[in-house]
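For reference, the structure is listed below as structure tokens.
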Amino acid sequence: MRIYHQRGCFVSIGGTLSEFTPDAITGTVQLAGTATNVEGPLAGVYDAVKHRWYINANAALYADGTGYEVEWSITRGASTYGVTEWFNGWIAGSATDTTPPGPASIAVTSTDDNSITVAIGPPSDADYDHTTLYALSTDGTTIIVASSTGPTDLSVTIPGLPSGDDGWVVGVAYDTSGNASIVGVGSIAAWQTRQAATPAYPLYVEHYFDDETTPYATETLDQEGDGAQRLAGAGAYIGQGRRYRCRVYTWAPVKPFELRGVDILMATRPGQVGGLRNELGNR
């Protein structure tokens, strides 16, 4: 059952009342006139449209005609306010509700690289309260639970899913007595997040003569083109009888990458005697 406090939260600023949404609300139910807790503390929900707040209580814990009181705790900024409200159990002598609501229908309406948005089609039961969603990855390593906060919430975004992964989202409907629905065919939907974009990171190429420790040229690798690094100008020429080596590196904190090979194409300067040779002396 749902226990309401029928007044909104207002603050007086310059003599004018302004409604505010509290940072947090909790409600603890006790037997009237005693310090005996029946249930709580329960997280409260603020309804700024109808200017009230409420908690969802388990009807099975309350007797018809018995007096109870709710101690509300309302937090705004660094201040906490208390409100006490009395009521009598209103089960009206009926048996405890054990009838579950019908199943909810769900559909994944949008995705990004780490979240999905799920549309909820609630059952038609008058005592329907909320739907809890379970997002499961196919490898079983990710289980994320998200709950709608009221019967009018028809869309829920579930964050924290793996990038580029897929799985299923399952919806279970609950009524105000806490009864859970069965899981119907429409209560399960497939999802797949998009692959996160690969971040750009700098790659550098250093060019060396012989065994010298200082490069004679350092340039940035063109990642957007064909990956080729072309040296131009006088500094690109290797003198006769000298050896050449290169180093490719990045300093940025990036995910590991694989450098599968370096292909070097060299040409002899026109008119140069001897041509190019490797360490074995082969031309």
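In the structure tokens, chains take letters A, B, ... by order of appearance, with residues numbered from 1 within each chain and ligands from 1 in the order shown.
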
Please list as number ranges by chain every residue within 7 Å of Gly27 of chain A, counting only C-alpha atoms and excluding residues in the same chain fewer than 2 positions away. A: 25, 29, 40-44, 55, 70-73

Show which residues sit within 7 Å of Thr193 of chain A, as a list of chain:residue names. Count only C-alpha atoms, and ignore same-chain residues fewer than 5 positions away. A:Thr111, A:Asp112, A:Asp113, A:Asn114, A:Ser115, A:Ser163, A:Gly164, A:Asp165, A:Asp166

Compare A:Val183, A:Ile116, A:Tyr128, A:Asp139 by their minimum atom-to-atom distance to Ile158 of chain A, counting only C-alpha atoms, and give me the closest one.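 Of all the options, A:Ile116 lies closest to Ile158 of chain A.
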
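Nearest-residue note for Ala180 of chain A: choosing from A:Thr132, A:Thr250, A:Thr117, A:Gln30, the minimum distance belongs to A:Thr132, counting only C-alpha atoms.
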
Residues near Ala146 of chain A, anyone? I mean within 10 Å using only C-alpha atoms, not counting same-chain ones fewer than 5 positions away, as an MDAnalysis selection string. chainID A and resid 131:135 156:159 171

Expected answer as a list in words: helix (DSSP H, G or I) residues in segment 56-253 of chain A: Ala59, Ala60, Leu61, Val185, Gly186, Ser187, Ala234, Gly235 and Ala236 of chain A

Closest of A:Gly121, A:Arg76, A:Gly186, A:Leu61 to Val11 of chain A, counting only C-alpha atoms, is A:Arg76

My list of candidates is A:Ile3, A:Leu203, A:Ala104, A:Ala48. Which is closest to Ser18 of chain A when distances are computed with only C-alpha atoms?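 Residue with the minimum atom-to-atom distance to Ser18 of chain A: A:Ala48.
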
Interatomic distance (Å, one decimal) between atom CA of Ser124 of chain A and atom CA of Thr99 of chain A: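 Taking atom CA of Ser124 of chain A and atom CA of Thr99 of chain A, their separation equals 13.5 Å.
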
When you draw a straight line from atom CA of Val170 of chain A to atom CA of Val45 of chain A, how long is it in Å?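 A separation of 23.8 Å between them.
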